[in-house]
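Asks: File input.txt follows (compact mmCIF, C-alpha atoms and all ligand atoms):
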# COMPACT_ATOMS: atom_id res chain seq x y z
CA MET X 20 -7.43 1.15 17.21
CA SER X 21 -6.22 3.98 14.98
CA ALA X 22 -8.12 5.23 11.96
CA LEU X 23 -6.95 7.03 8.89
CA GLN X 24 -9.69 9.32 7.68
CA LEU X 25 -10.18 10.99 4.30
CA GLN X 26 -12.76 13.75 4.30
CA SER X 27 -14.07 15.18 1.01
CA VAL X 28 -10.67 14.65 -0.57
CA SER X 29 -10.24 16.09 -4.08
CA LYS X 30 -7.41 16.29 -6.58
CA HIS X 31 -7.29 18.00 -9.92
CA PHE X 32 -4.55 17.95 -12.52
CA GLY X 33 -5.18 21.08 -14.55
CA GLY X 34 -8.71 20.64 -15.85
CA VAL X 35 -8.95 16.93 -14.88
CA LEU X 36 -10.76 16.23 -11.62
CA ALA X 37 -9.05 12.91 -10.82
CA VAL X 38 -10.55 12.54 -7.31
CA ASP X 39 -13.80 14.29 -6.47
CA GLN X 40 -14.75 14.70 -2.79
CA VAL X 41 -14.03 11.16 -1.62
CA SER X 42 -14.51 10.29 2.06
CA LEU X 43 -13.45 7.00 3.56
CA SER X 44 -11.79 5.61 6.64
CA LEU X 45 -9.18 2.91 7.05
CA ARG X 46 -9.02 1.31 10.48
CA GLN X 47 -6.30 -0.83 11.96
CA GLY X 48 -7.25 -4.50 11.85
CA GLU X 49 -9.24 -4.00 8.66
CA ILE X 50 -8.77 -4.58 4.92
CA HIS X 51 -10.34 -1.89 2.76
CA GLY X 52 -10.55 -2.58 -0.98
CA LEU X 53 -10.60 0.26 -3.49
CA ILE X 54 -11.95 -0.68 -6.92
CA GLY X 55 -13.04 1.11 -10.09
CA PRO X 56 -12.45 1.19 -13.83
CA ASN X 57 -9.22 2.54 -15.33
CA GLY X 58 -8.86 6.25 -14.75
CA SER X 59 -11.33 6.31 -11.85
CA GLY X 60 -8.79 7.86 -9.44
CA LYS X 61 -7.63 4.86 -7.39
CA THR X 62 -3.88 5.40 -7.72
CA THR X 63 -4.27 9.15 -7.32
CA LEU X 64 -6.11 8.53 -4.04
CA LEU X 65 -3.30 6.27 -2.85
CA ASN X 66 -0.76 8.95 -3.80
CA LEU X 67 -2.77 11.55 -1.86
CA LEU X 68 -2.90 9.30 1.21
CA SER X 69 0.81 8.54 1.18
CA GLY X 70 1.74 12.18 0.55
CA TYR X 71 3.10 11.90 -3.02
CA TYR X 72 0.57 14.48 -4.24
CA PRO X 73 -0.74 17.53 -2.38
CA LEU X 74 -4.51 17.70 -1.92
CA SER X 75 -6.62 20.11 -3.97
CA GLY X 76 -9.35 19.95 -1.33
CA GLY X 77 -10.52 18.11 1.78
CA SER X 78 -8.39 16.65 4.55
CA ILE X 79 -6.59 13.52 5.71
CA THR X 80 -6.37 12.84 9.44
CA LEU X 81 -4.90 10.10 11.59
CA ASP X 82 -6.63 9.80 14.95
CA GLY X 83 -7.67 13.41 14.57
CA ASP X 84 -4.18 14.73 13.67
CA ASP X 85 -4.20 16.54 10.34
CA LEU X 86 -1.76 14.87 7.93
CA SER X 87 -2.90 16.86 4.89
CA ALA X 88 0.22 19.02 4.64
CA LYS X 89 2.70 16.41 5.89
CA THR X 90 5.48 15.00 3.70
CA VAL X 91 5.87 11.37 2.63
CA GLN X 92 8.54 10.95 5.33
CA GLN X 93 6.37 12.48 8.05
CA ARG X 94 3.51 10.16 7.09
CA ALA X 95 5.90 7.21 7.17
CA TYR X 96 6.86 8.22 10.72
CA ALA X 97 3.16 8.41 11.54
CA GLY X 98 2.90 4.75 10.47
CA ILE X 99 1.84 4.81 6.81
CA SER X 100 3.68 2.53 4.40
CA ARG X 101 2.97 1.80 0.74
CA THR X 102 3.92 -0.36 -2.22
CA PHE X 103 4.03 0.57 -5.91
CA GLN X 104 2.33 -0.91 -8.97
CA LYS X 105 5.76 -1.69 -10.41
CA PRO X 106 8.00 -3.04 -7.63
CA ARG X 107 10.76 -0.49 -6.96
CA LEU X 108 13.66 -2.76 -6.12
CA LEU X 109 17.41 -2.40 -6.46
CA GLY X 110 18.25 -5.32 -8.75
CA SER X 111 21.86 -5.80 -7.80
CA MET X 112 21.11 -5.80 -4.07
CA SER X 113 20.00 -8.95 -2.25
CA THR X 114 16.44 -9.70 -1.21
CA LEU X 115 17.47 -9.06 2.39
CA ASP X 116 19.15 -5.72 1.67
CA ASN X 117 16.12 -4.58 -0.34
CA ALA X 118 13.87 -5.48 2.57
CA MET X 119 16.19 -3.66 4.98
CA LEU X 120 15.78 -0.45 2.99
CA GLY X 121 12.30 -0.41 4.53
CA CYS X 122 13.89 -0.08 7.99
CA TRP X 123 15.24 3.40 7.25
CA LYS X 124 13.13 5.24 9.77
CA ASP X 125 14.49 3.12 12.65
CA SER X 126 18.07 3.55 11.64
CA GLN X 127 19.70 6.09 13.96
CA SER X 128 23.12 5.99 12.37
CA ASN X 129 22.50 5.82 8.64
CA MET X 130 23.80 2.27 8.75
CA LEU X 131 23.16 1.80 5.05
CA GLN X 132 25.83 4.34 4.21
CA ILE X 133 29.41 3.29 3.68
CA GLY X 134 31.44 4.13 6.74
CA ALA X 135 28.94 3.17 9.43
CA PHE X 136 31.30 0.86 11.27
CA THR X 137 30.88 1.90 14.88
CA PRO X 138 29.82 -0.83 17.35
CA LYS X 139 26.51 0.96 17.82
CA ALA X 140 25.89 0.98 14.06
CA ARG X 141 26.77 -2.72 13.85
CA ARG X 142 24.37 -3.60 16.69
CA GLU X 143 21.68 -1.58 15.02
CA GLU X 144 22.27 -3.21 11.65
CA SER X 145 22.11 -6.63 13.27
CA ARG X 146 18.78 -5.77 14.95
CA LEU X 147 17.25 -4.49 11.72
CA ARG X 148 18.67 -7.44 9.75
CA SER X 149 16.93 -9.84 12.17
CA ARG X 150 13.69 -7.95 11.75
CA ALA X 151 13.94 -8.07 7.94
CA GLU X 152 14.84 -11.78 7.98
CA GLU X 153 11.87 -12.59 10.17
CA ILE X 154 9.52 -10.69 7.86
CA LEU X 155 10.98 -12.35 4.75
CA HIS X 156 10.54 -15.79 6.33
CA GLY X 157 6.97 -14.88 7.27
CA ILE X 158 6.18 -13.82 3.71
CA GLY X 159 7.69 -16.97 2.19
CA LEU X 160 10.96 -15.52 0.86
CA GLY X 161 13.20 -16.97 3.56
CA ALA X 162 15.00 -19.32 1.15
CA ILE X 163 16.13 -16.56 -1.20
CA ILE X 164 17.31 -13.81 1.12
CA ASP X 165 20.76 -13.73 -0.48
CA GLU X 166 19.54 -13.71 -4.10
CA PRO X 167 19.99 -10.47 -6.03
CA ALA X 168 16.52 -8.98 -6.51
CA ARG X 169 16.89 -8.99 -10.30
CA LEU X 170 16.86 -12.81 -10.27
CA LEU X 171 13.53 -12.99 -8.43
CA ASP X 172 10.43 -13.85 -10.43
CA HIS X 173 7.54 -11.40 -10.70
CA ALA X 174 5.59 -12.75 -7.72
CA GLU X 175 8.69 -12.85 -5.51
CA GLN X 176 9.42 -9.22 -6.42
CA ARG X 177 5.86 -8.24 -5.50
CA PHE X 178 6.10 -10.04 -2.15
CA LEU X 179 9.50 -8.46 -1.50
CA GLU X 180 7.95 -5.04 -2.12
CA ILE X 181 5.37 -5.85 0.58
CA ALA X 182 8.10 -7.19 2.91
CA ARG X 183 10.01 -3.93 2.54
CA GLY X 184 6.83 -2.01 3.40
CA LEU X 185 6.40 -4.18 6.51
CA CYS X 186 9.99 -3.60 7.64
CA MET X 187 8.91 -0.05 8.41
CA GLN X 188 6.62 -1.55 11.08
CA PRO X 189 3.68 0.51 9.86
CA ARG X 190 0.20 0.78 11.31
CA PHE X 191 -1.26 1.14 7.82
CA ILE X 192 -0.05 -0.32 4.54
CA LEU X 193 -1.32 0.84 1.14
CA LEU X 194 -0.95 -1.74 -1.64
CA ASP X 195 -1.12 -0.53 -5.26
CA GLU X 196 -2.40 -3.41 -7.46
CA PRO X 197 -0.62 -6.15 -5.50
CA ALA X 198 -2.28 -8.92 -7.56
CA GLY X 199 -1.12 -7.48 -10.92
CA GLY X 200 0.48 -10.19 -13.06
CA LEU X 201 0.12 -12.93 -10.42
CA THR X 202 -1.21 -16.43 -11.16
CA GLU X 203 -4.24 -17.73 -9.28
CA THR X 204 -1.97 -19.76 -6.98
CA GLU X 205 0.15 -16.68 -6.25
CA ILE X 206 -3.02 -14.65 -5.58
CA GLU X 207 -3.98 -17.28 -2.98
CA ARG X 208 -0.62 -16.69 -1.33
CA LEU X 209 -1.15 -12.93 -1.51
CA ALA X 210 -4.57 -13.37 0.11
CA ASP X 211 -2.96 -15.28 3.00
CA ILE X 212 -0.37 -12.50 3.38
CA VAL X 213 -2.87 -9.62 3.48
CA VAL X 214 -5.16 -11.49 5.87
CA ALA X 215 -2.16 -12.21 8.15
CA MET X 216 -1.25 -8.50 8.07
CA ARG X 217 -4.82 -7.58 8.99
CA ASP X 218 -4.90 -10.16 11.78
CA ALA X 219 -1.63 -8.70 13.11
CA GLY X 220 -3.47 -5.39 13.52
CA LEU X 221 -2.52 -3.48 10.38
CA GLY X 222 -4.94 -1.39 8.39
CA VAL X 223 -4.58 -2.55 4.78
CA LEU X 224 -5.78 -0.53 1.79
CA ILE X 225 -5.80 -2.51 -1.46
CA VAL X 226 -6.12 -0.70 -4.79
CA GLU X 227 -6.88 -3.48 -7.22
CA HIS X 228 -8.42 -4.50 -10.54
CA HIS X 229 -8.78 -8.13 -9.54
CA THR X 230 -12.24 -7.72 -8.04
CA ASP X 231 -12.71 -11.38 -6.98
CA PHE X 232 -9.59 -11.07 -4.82
CA VAL X 233 -10.75 -7.72 -3.36
CA PHE X 234 -14.26 -8.96 -2.57
CA ARG X 235 -12.86 -12.12 -0.98
CA VAL X 236 -10.35 -10.56 1.40
CA SER X 237 -11.78 -7.10 2.18
CA ASN X 238 -13.84 -6.14 5.20
CA ARG X 239 -15.03 -3.05 3.37
CA VAL X 240 -14.93 -1.94 -0.24
CA THR X 241 -15.16 1.49 -1.86
CA ALA X 242 -15.89 1.80 -5.58
CA LEU X 243 -14.87 4.85 -7.61
CA ASN X 244 -15.90 6.01 -11.06
CA LEU X 245 -14.56 9.16 -12.76
CA GLY X 246 -13.07 10.25 -9.43
CA LYS X 247 -16.35 9.95 -7.52
CA GLN X 248 -17.21 7.46 -4.82
CA ILE X 249 -20.17 5.47 -6.18
CA ALA X 250 -20.49 2.86 -3.43
CA SER X 251 -18.93 1.97 -0.09
CA GLY X 252 -19.75 -0.81 2.38
CA SER X 253 -19.48 -4.54 2.83
CA PRO X 254 -18.10 -6.55 -0.11
CA GLN X 255 -21.52 -8.13 -0.57
CA ALA X 256 -23.30 -4.77 -0.69
CA VAL X 257 -20.79 -3.19 -3.11
CA ARG X 258 -20.78 -6.26 -5.38
CA ALA X 259 -24.58 -6.08 -5.61
CA ASP X 260 -24.73 -2.29 -6.06
CA ALA X 261 -26.55 -1.40 -9.31
CA GLU X 262 -24.20 1.49 -10.15
CA VAL X 263 -21.08 -0.63 -9.55
CA ILE X 264 -22.45 -3.35 -11.79
CA ARG X 265 -23.36 -0.81 -14.49
CA VAL X 266 -20.02 1.02 -14.66
CA TYR X 267 -17.56 -1.66 -13.66
CA LEU X 268 -18.59 -5.22 -13.16
CA GLY X 269 -20.90 -5.40 -16.18
CA ALA X 270 -24.48 -6.65 -16.06
P1 LIG X 301 -6.80 4.66 -11.75
O1 LIG X 301 -5.71 4.38 -10.78
O2 LIG X 301 -8.17 4.39 -11.20
O3 LIG X 301 -6.59 3.97 -13.08
P2 LIG X 301 -5.66 7.30 -11.84
O4 LIG X 301 -5.68 7.78 -10.44
O5 LIG X 301 -4.37 6.80 -12.38
O6 LIG X 301 -6.81 6.23 -12.05
O7 LIG X 301 -6.14 8.49 -12.81
C1 LIG X 301 -7.33 9.26 -12.58
C2 LIG X 301 -7.36 10.38 -13.59
O8 LIG X 301 -6.35 11.33 -13.32
C3 LIG X 301 -7.15 9.95 -15.05
O9 LIG X 301 -7.96 10.75 -15.88
C4 LIG X 301 -5.68 10.23 -15.26
O10 LIG X 301 -5.41 10.47 -16.62
C5 LIG X 301 -5.48 11.49 -14.42
N1 LIG X 301 -4.13 11.58 -13.87
C6 LIG X 301 -3.56 10.74 -12.99
N2 LIG X 301 -2.33 11.15 -12.66
C7 LIG X 301 -2.10 12.29 -13.38
C8 LIG X 301 -1.00 13.20 -13.48
N3 LIG X 301 0.13 13.01 -12.76
N4 LIG X 301 -1.13 14.25 -14.32
C9 LIG X 301 -2.25 14.46 -15.02
N5 LIG X 301 -3.35 13.64 -14.95
C10 LIG X 301 -3.27 12.57 -14.16
Here is the file; what I need is its structure written in the form of structure tokens.
Replies:
Amino acid sequence: MSALQLQSVSKHFGGVLAVDQVSLSLRQGEIHGLIGPNGSGKTTLLNLLSGYYPLSGGSITLDGDDLSAKTVQQRAYAGISRTFQKPRLLGSMSTLDNAMLGCWKDSQSNMLQIGAFTPKARREESRLRSRAEEILHGIGLGAIIDEPARLLDHAEQRFLEIARGLCMQPRFILLDEPAGGLTETEIERLADIVVAMRDAGLGVLIVEHHTDFVFRVSNRVTALNLGKQIASGSPQAVRADAEVIRVYLGA
């Protein structure tokens, strides 16, 4: 099984040290929760992992290959997919077409561009369409594949964002606050989805404020405060950690 490794990763924005020498590993077949108060560096860490920000220090490797200087696209090719805090969907496009945007790295002929009408492009589109449909059915959006994304409710948009990430057929998926704005029932559904992804062999990193959800689904949890890693280990150990309780969970 592959492992994505962060070693002493740091990021500063001018004088702000947003992430301060954090080391963690994300393995395939594992859910790793990343928690911490506002401003503790969680989203910055996710942006460093996915390649949206360059590192100020440390390294990121995948099975020993250094990804630190690789672009977002190169990391996507290496098998790293992500979602955003605010779903980034194209409102006038259907659920299915939004999901298919996640298939871009398998598209040989730029089939999403107007003019791709060769038989090869049509076969390719059909193959990717089937993949996207299967993923949407698996995630519970099968009944609304033709709906324009703007008509989807908040939870459906969040699940579509995950479906699009899965269409890339990643080895690792990084979820930025996937439970944000969801009801308890929808969080149950989200829990089933992330556990199914883990059981299918993906490495799942969850950046999340909803600590009950994180502690319930994660195999391992890392807690940050002011950019520093204050605890890492089993959900039980991190939940009981005195520093985590002091700065985040409250006594
Ligand atoms: P979290 O996701 O845990 O709420 P962030 O990673 O968003 O924390 O932020 C960590 C720190 O880095 C905060 O002090 C924040 O203000 C700062 N920060 C984040 N992104 C930027 C940026 N693009 N420019 C300047 N400072 C930033």
Asks: Of the residues X:Leu243, X:Leu224, X:Leu109, X:Ala261, which is the one nearest to ligand LIG 301 (chain X), using only C-alpha atoms and all ligand atoms?
Replies: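 Answer, going by the shortest atom-to-atom distance: X:Leu243.
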Asks: Let me have all residues with an atom within 6 Å of ligand LIG 301 (chain X), counting only C-alpha atoms and all ligand atoms, laid out as a list in words.
Replies: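 Counting only what the definition allows, namely only C-alpha atoms and all ligand atoms, the set is Phe32, Ala37, Gly55, Pro56, Asn57, Gly58, Ser59, Gly60, Lys61, Thr62 and Thr63 of chain X.
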Asks: X:Leu108, X:Leu68, X:Ile163, X:Val41: which is nearest Arg177 of chain X, counting only C-alpha atoms?
Replies: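 Looking only at the distances to Arg177 of chain X, the closest residue turns out to be X:Leu108.
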Asks: For a quick check of understanding, using all atoms listed in the file, which of X:Ile164, X:Ile99, X:Leu45, X:Leu147 has the smallest distance to Gln176 of chain X?
Replies: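 Ranking X:Ile164, X:Ile99, X:Leu45, X:Leu147 by distance to Gln176 of chain X, first place goes to X:Ile164.
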Asks: Which residue gives the smallest distance to His228 of chain X among X:Ser100, X:Gly34, X:Ala242, X:Ser27, with all atoms listed in the file counted?
Replies: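 Of the candidates, the smallest distance to His228 of chain X is held by X:Ala242.
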